[in-house]
Amino acid sequence: MQSERNASSGGKGVVQGFVTEGEHVMAGKMAQAIANAVVDEIQANAKAVIDSGSSSGNWPVQ
């Protein structure tokens, strides 16, 4: 029985179609790009809701 790591590709060093070892490795770069996009999205659209006090309202998260 193949491990989950190799089941999708049949190859060593491939997880869910991403090369994880060798000169063509891209999984880390893809993960970093996704993480950066998530942070950008949160920073662009997140709001802090202040319910009371002189600063009440919706404020952008920076």
# chains A, B, ... in the order shown; residues from 1 in each chain; ligands from 1
call {"tool": "residues_around", "arguments": {"residues": "Val25 (chain A)", "least_positions_apart": "6", "cutoff": "9 Å", "atoms": "only C-alpha atoms", "output": "ChimeraX atom specification"}}
result
/A:13,18-19
call {"tool": "closest_residue", "arguments": {"among": "A:Asn45, A:Lys12, A:Ala27, A:Gly22", "to": "Asn58 (chain A)", "atoms": "only C-alpha atoms"}}
result
A:Asn45
call {"tool": "select_by_dssp", "arguments": {"residues": "region 11-47 of chain A", "states": "alpha helix (DSSP H)", "output": "ChimeraX atom specification"}}
result
/A:27-45
call {"tool": "residues_around", "arguments": {"residues": "Trp59 (chain A)", "least_positions_apart": "2", "cutoff": "10 Å", "atoms": "only C-alpha atoms", "output": "ChimeraX atom specification"}}
result
/A:46-50,55-57,61-62
